[in-house]
Amino acid sequence: ADVAYLRSILPSTTEDAFFDYLATLDTSEVTVSAVPEGSVVFARVPFLQVKGPLLVVQLLETTLLCLVNYASLVATNASRFRLLAGPDVKLVEMGLRRAQGPDGALSASKYSYIGGECCPVAPHGTAATPSPMSPSPSLLAGFDYTSNVLAGKLYGIPVRGTIAHSFIMSFTSLEEVQLRVSLPPLAGGEPVDLPALAESWLQRVDTNPLFAHARSGLPNFCAVALALHQLGYQAIGVRLDSGDLAQQSKEVRRVLRACGAHFQVPWFETIPIAVSNDISEQSLEEFSREGSEIDMIGVGTNLVTCPLQPSLGCVYKLVEVNGSPCLKLTEDEEKLTIPGSKTIYRLYDAAGHPFMDLMALEEEPSPSAGQELAVRVLGMLGEARKVVPTTVEPLHRTYFRDGQMCEPLPSLLEVKSHAQASLSLLNPAHRRLHEPQPYPVAVSERLHRLLAELRQASQ
């Protein structure tokens, strides 16, 4: 059916042999290697390498870039929110209503939970490589929950959500609750009319000086929570979604602590406080600066639409054909492709932090820990540098060889764990969000000579 459709839209002069050829295409000669999903990847570093027949590898380009660009972008965005929120606050992805369609929404839920960014080379002599062109590193760490129930079902992501405003607004008084809600005590016994019990607690709460200046919703919450406590249950939490959220959280916490002490309910002081309302990176910075009592943050629009960088510029470039390295020339050095099939190494210092990524030709011997290396840093190719890594890590693994999976893919939780570990290894100077120290990406001397030779030959 696909070939028939192509036949219907291509010129009638297209030879039948071309369509016959298309019908025979498969990936039996394709090999794919990549950094493990969830790895930190820096600009200009190929995170995916594809080798195979030229036409097959070219046909894979759009699919691969579509799969990695948005996924890497939203994972990086999620990690930025995590870094600003800190490790203790729970983060909920709530972007389904603002996402770029249902497919984008599912991708946002999945990759904000994971955190991640990646990039490809192509042969039978052909190598094509996508790599991130943005100068920012991919920062990886995940959200804790999603409000997207389908994402929870498909991917096993923990699901959390809140009651719809419209449902709350549909009631103006308890008298409108036609069917009274009966709840049996956890300790056993006859079911109790919960609204009536809550009303009795509300009378006690309303007359308490603690609530003289409390916002209207808070006494109601406390009354219901105290009624639940009387039956052996615990309230799940409070949600704030307008106004000065940091200040409100402190006011609410003060009342909850005082209420718990007054009515001798110790767990009241630790009731989780959740906030939402167009939360952005700036919002999290303000929470940190002002101090807050916030335990959980719901982020939607500014997570899934990535307004600070709406797209990620991963590219897919041909670097070798039939064993011959090739080069795309450009006056913009940042867009200059690095020729040849390559091996990528991450170099670590004595403190265990990565300090440089190194590209070398596949046929070069692997660098060794403690060995002095001569390298050329991208952006400063005219200047040779000497470095001595304490540890050397090859970044790529081969996942697909000759049309077959050759390494099992990790689970979502394994990817999430790897993402968090990768991010934690970064030097804080590279990890910080404001004015981070540039992370150097370098080429070996041999690869630099090849690059210079190809540039000279093309002039």
# chains A, B, ... in the order shown; residues from 1 in each chain; ligands from 1

$ closest_atom_pairs --of "range 355-436 of chain A" --to "range 153-164 of chain A" --cutoff "10 Å" --atoms "only C-alpha atoms" --output "Markdown table"
| residue | atom | partner | partner_atom | distance |
| --- | --- | --- | --- | --- |
| A:Ser411 | CA | A:Tyr155 | CA | 9.4 |
| A:Leu412 | CA | A:Tyr155 | CA | 7.4 |
| A:Leu413 | CA | A:Ile157 | CA | 9.0 |

$ write_last_selection --atoms "C-alpha atoms" --output "tab-separated table (two decimals), in the first residue's frame"
chain	number	residue	atom	x	y	z
A	411	SER	CA	12.97	-0.25	31.31
A	412	LEU	CA	11.57	3.21	31.95
A	413	LEU	CA	12.72	3.10	35.58

$ select_by_dssp --residues "range 338-425 of chain A" --states "strand (DSSP E)" --output "PyMOL selection string"
chain A and resi 342-348+354-361+373-377+384-387+391-394+397-401+404-405

$ write_last_selection --atoms "N, CA and C atoms" --output "mmCIF file, in the first residue's frame"
data_model
loop_
_atom_site.group_PDB
_atom_site.id
_atom_site.type_symbol
_atom_site.label_atom_id
_atom_site.label_comp_id
_atom_site.auth_asym_id
_atom_site.auth_seq_id
_atom_site.Cartn_x
_atom_site.Cartn_y
_atom_site.Cartn_z
ATOM 1 N N LYS A 342 33.159 7.494 13.916
ATOM 2 C CA LYS A 342 33.899 7.901 15.113
ATOM 3 C C LYS A 342 33.510 7.075 16.332
ATOM 4 N N THR A 343 34.420 7.056 17.287
ATOM 5 C CA THR A 343 34.142 6.560 18.624
ATOM 6 C C THR A 343 34.147 7.752 19.560
ATOM 7 N N ILE A 344 33.193 7.769 20.480
ATOM 8 C CA ILE A 344 33.061 8.904 21.389
ATOM 9 C C ILE A 344 33.441 8.459 22.797
ATOM 10 N N TYR A 345 34.284 9.243 23.450
ATOM 11 C CA TYR A 345 34.733 8.937 24.808
ATOM 12 C C TYR A 345 34.395 10.094 25.737
ATOM 13 N N ARG A 346 34.068 9.746 26.970
ATOM 14 C CA ARG A 346 33.899 10.759 28.004
ATOM 15 C C ARG A 346 35.071 10.637 28.966
ATOM 16 N N LEU A 347 35.740 11.753 29.215
ATOM 17 C CA LEU A 347 36.929 11.772 30.056
ATOM 18 C C LEU A 347 36.571 12.338 31.428
ATOM 19 N N TYR A 348 37.019 11.651 32.494
ATOM 20 C CA TYR A 348 36.686 12.034 33.863
ATOM 21 C C TYR A 348 37.935 12.490 34.609
ATOM 22 N N PRO A 354 32.916 14.291 34.734
ATOM 23 C CA PRO A 354 33.359 14.383 33.339
ATOM 24 C C PRO A 354 33.854 15.798 33.053
ATOM 25 N N PHE A 355 35.007 15.906 32.363
ATOM 26 C CA PHE A 355 35.523 17.235 32.063
ATOM 27 C C PHE A 355 35.659 17.493 30.578
ATOM 28 N N MET A 356 35.462 16.439 29.746
ATOM 29 C CA MET A 356 35.595 16.627 28.298
ATOM 30 C C MET A 356 35.039 15.405 27.585
ATOM 31 N N ASP A 357 34.389 15.624 26.429
ATOM 32 C CA ASP A 357 34.029 14.531 25.532
ATOM 33 C C ASP A 357 34.977 14.574 24.343
ATOM 34 N N LEU A 358 35.450 13.411 23.937
ATOM 35 C CA LEU A 358 36.468 13.309 22.890
ATOM 36 C C LEU A 358 35.961 12.459 21.737
ATOM 37 N N MET A 359 36.046 12.985 20.516
ATOM 38 C CA MET A 359 35.731 12.232 19.302
ATOM 39 C C MET A 359 37.042 11.775 18.650
ATOM 40 N N ALA A 360 37.074 10.492 18.314
ATOM 41 C CA ALA A 360 38.247 9.932 17.638
ATOM 42 C C ALA A 360 37.760 9.019 16.513
ATOM 43 N N LEU A 361 38.584 8.799 15.509
ATOM 44 C CA LEU A 361 38.225 7.880 14.431
ATOM 45 C C LEU A 361 38.127 6.458 14.966
ATOM 46 N N LEU A 373 46.837 12.846 26.580
ATOM 47 C CA LEU A 373 46.210 12.893 25.261
ATOM 48 C C LEU A 373 46.379 14.279 24.665
ATOM 49 N N ALA A 374 46.680 14.325 23.371
ATOM 50 C CA ALA A 374 46.710 15.591 22.635
ATOM 51 C C ALA A 374 45.363 15.751 21.935
ATOM 52 N N VAL A 375 44.676 16.845 22.205
ATOM 53 C CA VAL A 375 43.333 17.036 21.666
ATOM 54 C C VAL A 375 43.192 18.447 21.123
ATOM 55 N N ARG A 376 42.130 18.628 20.326
ATOM 56 C CA ARG A 376 41.758 19.948 19.824
ATOM 57 C C ARG A 376 40.301 20.206 20.203
ATOM 58 N N VAL A 377 40.058 21.245 20.947
ATOM 59 C CA VAL A 377 38.711 21.558 21.410
ATOM 60 C C VAL A 377 37.949 22.286 20.309
ATOM 61 N N ALA A 384 46.358 23.291 20.272
ATOM 62 C CA ALA A 384 46.427 21.932 20.810
ATOM 63 C C ALA A 384 46.443 21.977 22.337
ATOM 64 N N ARG A 385 45.785 20.966 22.962
ATOM 65 C CA ARG A 385 45.768 20.874 24.419
ATOM 66 C C ARG A 385 46.197 19.490 24.849
ATOM 67 N N LYS A 386 46.773 19.409 26.036
ATOM 68 C CA LYS A 386 47.146 18.124 26.634
ATOM 69 C C LYS A 386 46.239 17.865 27.834
ATOM 70 N N VAL A 387 45.655 16.692 27.886
ATOM 71 C CA VAL A 387 44.804 16.337 29.023
ATOM 72 C C VAL A 387 45.168 14.929 29.485
ATOM 73 N N THR A 391 39.665 8.571 34.301
ATOM 74 C CA THR A 391 38.817 7.487 33.812
ATOM 75 C C THR A 391 38.374 7.822 32.402
ATOM 76 N N VAL A 392 38.267 6.790 31.559
ATOM 77 C CA VAL A 392 37.805 6.964 30.176
ATOM 78 C C VAL A 392 36.599 6.054 29.957
ATOM 79 N N GLU A 393 35.508 6.636 29.460
ATOM 80 C CA GLU A 393 34.281 5.871 29.237
ATOM 81 C C GLU A 393 33.845 5.970 27.772
ATOM 82 N N PRO A 394 33.820 4.851 27.030
ATOM 83 C CA PRO A 394 33.208 4.890 25.688
ATOM 84 C C PRO A 394 31.705 5.139 25.837
ATOM 85 N N ARG A 397 26.925 2.384 22.635
ATOM 86 C CA ARG A 397 26.705 0.944 22.626
ATOM 87 C C ARG A 397 25.961 0.590 21.353
ATOM 88 N N THR A 398 26.196 -0.603 20.843
ATOM 89 C CA THR A 398 25.484 -1.050 19.644
ATOM 90 C C THR A 398 24.208 -1.763 20.071
ATOM 91 N N TYR A 399 23.076 -1.206 19.644
ATOM 92 C CA TYR A 399 21.767 -1.759 20.023
ATOM 93 C C TYR A 399 21.111 -2.541 18.891
ATOM 94 N N PHE A 400 21.507 -2.260 17.647
ATOM 95 C CA PHE A 400 20.835 -2.857 16.489
ATOM 96 C C PHE A 400 21.903 -3.182 15.456
ATOM 97 N N ARG A 401 22.037 -4.473 15.130
ATOM 98 C CA ARG A 401 23.083 -4.874 14.175
ATOM 99 C C ARG A 401 22.490 -5.808 13.129
ATOM 100 N N GLN A 404 18.842 -6.693 13.500
ATOM 101 C CA GLN A 404 18.377 -7.371 14.709
ATOM 102 C C GLN A 404 18.791 -6.593 15.955
ATOM 103 N N MET A 405 17.908 -6.580 16.964
ATOM 104 C CA MET A 405 18.291 -6.015 18.246
ATOM 105 C C MET A 405 19.385 -6.896 18.850
#

$ select_by_dssp --residues "range 14-113 of chain A" --states "helix (DSSP H, G or I)" --output "PyMOL selection string"
chain A and resi 16-22+54-85+96-98+101-113

$ closest_residue --among "A:Arg289, A:Arg204, A:Arg82, A:Lys90" --to "Leu423 in chain A" --atoms "only C-alpha atoms"
A:Arg82

$ residues_around --residues "Leu303 in chain A" --least-positions-apart "6" --cutoff "8 Å" --atoms "only C-alpha atoms" --output "PyMOL selection string"
chain A and resi 74+77-78+93+95+280

$ write_last_selection --atoms "C-alpha atoms" --output "PDB file, in the first residue's frame"
ATOM      1  CA  VAL A  74      11.183  17.961  26.979  1.00  0.00           C
ATOM      2  CA  ASN A  77      13.324  20.949  30.171  1.00  0.00           C
ATOM      3  CA  ALA A  78      12.063  18.611  32.892  1.00  0.00           C
ATOM      4  CA  GLU A  93       3.559  16.812  34.878  1.00  0.00           C
ATOM      5  CA  GLY A  95       0.570  19.457  30.479  1.00  0.00           C
ATOM      6  CA  SER A 280       7.658  28.389  35.176  1.00  0.00           C
TER       7      SER A 280
END

$ atom_distance --atom1 "CA of Asp244 in chain A" --atom2 "CA of Phe287 in chain A"
9.7 Å

$ residues_around --residues "range 97-113 of chain A" --least-positions-apart "6" --cutoff "6 Å" --atoms "only C-alpha atoms" --output "number ranges by chain"
A: 71, 75, 78, 142-143, 151, 301, 304

$ atom_distance --atom1 "CA of Leu395 in chain A" --atom2 "CA of Pro436 in chain A"
22.6 Å

$ residues_around --residues "Ala187 in chain A" --least-positions-apart "3" --cutoff "12 Å" --atoms "only C-alpha atoms" --output "number ranges by chain"
A: 183-184, 190-191, 229-233

$ write_last_selection --atoms "all heavy atoms" --output "compact mmCIF listing (two decimals), in the first residue's frame"
# COMPACT_ATOMS: atom_id res chain seq x y z
N LEU A 183 -19.34 6.85 55.22
CA LEU A 183 -18.00 6.29 55.25
C LEU A 183 -17.84 5.46 56.51
O LEU A 183 -18.05 5.97 57.62
CB LEU A 183 -16.97 7.42 55.23
CG LEU A 183 -15.52 7.06 54.92
CD1 LEU A 183 -15.39 6.56 53.49
CD2 LEU A 183 -14.63 8.29 55.11
N PRO A 184 -17.47 4.20 56.38
CA PRO A 184 -17.29 3.38 57.59
C PRO A 184 -15.97 3.72 58.28
O PRO A 184 -14.96 3.96 57.62
CB PRO A 184 -17.26 1.96 57.05
CG PRO A 184 -16.75 2.10 55.65
CD PRO A 184 -17.28 3.41 55.15
N GLU A 190 -20.56 0.98 62.11
CA GLU A 190 -21.53 1.42 61.13
C GLU A 190 -21.01 2.63 60.33
O GLU A 190 -20.30 3.48 60.88
CB GLU A 190 -22.84 1.79 61.83
CG GLU A 190 -23.59 0.62 62.44
CD GLU A 190 -24.01 -0.39 61.37
OE1 GLU A 190 -24.51 0.05 60.32
OE2 GLU A 190 -23.81 -1.59 61.59
N PRO A 191 -21.35 2.72 59.03
CA PRO A 191 -20.96 3.90 58.23
C PRO A 191 -21.50 5.19 58.85
O PRO A 191 -22.59 5.21 59.44
CB PRO A 191 -21.60 3.63 56.86
CG PRO A 191 -21.75 2.14 56.80
CD PRO A 191 -22.06 1.71 58.21
N HIS A 229 -10.22 12.21 59.99
CA HIS A 229 -9.36 11.73 61.07
C HIS A 229 -10.18 11.01 62.13
O HIS A 229 -9.75 9.96 62.66
CB HIS A 229 -8.61 12.90 61.69
CG HIS A 229 -7.86 12.54 62.93
ND1 HIS A 229 -6.71 11.78 62.90
CD2 HIS A 229 -8.10 12.81 64.24
CE1 HIS A 229 -6.27 11.61 64.13
NE2 HIS A 229 -7.11 12.21 64.96
N GLN A 230 -11.34 11.54 62.45
CA GLN A 230 -12.19 10.91 63.45
C GLN A 230 -12.57 9.50 63.04
O GLN A 230 -12.76 8.62 63.90
CB GLN A 230 -13.45 11.76 63.67
CG GLN A 230 -14.36 11.22 64.77
CD GLN A 230 -15.53 12.14 65.05
OE1 GLN A 230 -15.44 13.36 64.85
NE2 GLN A 230 -16.64 11.58 65.51
N LEU A 231 -12.65 9.26 61.71
CA LEU A 231 -13.01 7.94 61.21
C LEU A 231 -11.78 7.08 60.92
O LEU A 231 -11.91 5.96 60.41
CB LEU A 231 -13.86 8.08 59.94
CG LEU A 231 -15.18 8.85 60.11
CD1 LEU A 231 -15.89 8.97 58.77
CD2 LEU A 231 -16.08 8.16 61.14
N GLY A 232 -10.59 7.63 61.19
CA GLY A 232 -9.36 6.84 61.00
C GLY A 232 -8.65 7.08 59.70
O GLY A 232 -7.70 6.36 59.38
N TYR A 233 -9.04 8.10 58.93
CA TYR A 233 -8.42 8.38 57.63
C TYR A 233 -7.55 9.62 57.72
O TYR A 233 -7.67 10.42 58.65
CB TYR A 233 -9.49 8.59 56.56
CG TYR A 233 -10.42 7.41 56.35
CD1 TYR A 233 -11.61 7.29 57.08
CD2 TYR A 233 -10.11 6.42 55.42
CE1 TYR A 233 -12.46 6.21 56.90
CE2 TYR A 233 -10.97 5.34 55.22
CZ TYR A 233 -12.13 5.24 55.96
OH TYR A 233 -12.97 4.17 55.78

$ closest_residue --among "A:Val50, A:Gly382, A:Phe268, A:Pro365" --to "Asp402 in chain A" --atoms "only C-alpha atoms"
A:Val50

$ residues_around --residues "Leu426 in chain A" --least-positions-apart "6" --cutoff "12 Å" --atoms "only C-alpha atoms" --output "list in words"
Ser39, Val40, Val41, Phe42, Pro137, Ser138, Leu139, Leu140, Arg346, Leu347, Tyr348, Asp349, Ala351, Gly352, His353, Pro354, Phe355, Met356, Ala419, Gln420, Arg432, Pro436, Gln437 and Tyr439 of chain A

$ closest_residue --among "A:Ile338, A:Leu84, A:Ile294, A:Val57" --to "Val441 in chain A" --atoms "only C-alpha atoms"
A:Ile338

$ residues_around --residues "Gly370 in chain A" --least-positions-apart "6" --cutoff "8 Å" --atoms "only C-alpha atoms" --output "PDB file with C-alpha atoms, in the first residue's frame"
ATOM      1  CA  VAL A 388      45.204  13.349  31.347  1.00  0.00           C
ATOM      2  CA  PRO A 389      41.917  11.611  32.214  1.00  0.00           C
ATOM      3  CA  THR A 390      41.578   9.584  35.400  1.00  0.00           C
ATOM      4  CA  THR A 391      38.817   7.487  33.812  1.00  0.00           C
TER       5      THR A 391
END

$ atom_distance --atom1 "CA of Ala274 in chain A" --atom2 "CA of Gly152 in chain A"
20.1 Å

$ closest_residue --among "A:Leu22, A:Ala227, A:Ala442, A:Cys66" --to "Tyr5 in chain A" --atoms "only C-alpha atoms"
A:Leu22

$ closest_residue --among "A:Ala452, A:Leu202, A:Pro440, A:Asp193" --to "Leu336 in chain A" --atoms "only C-alpha atoms"
A:Ala452
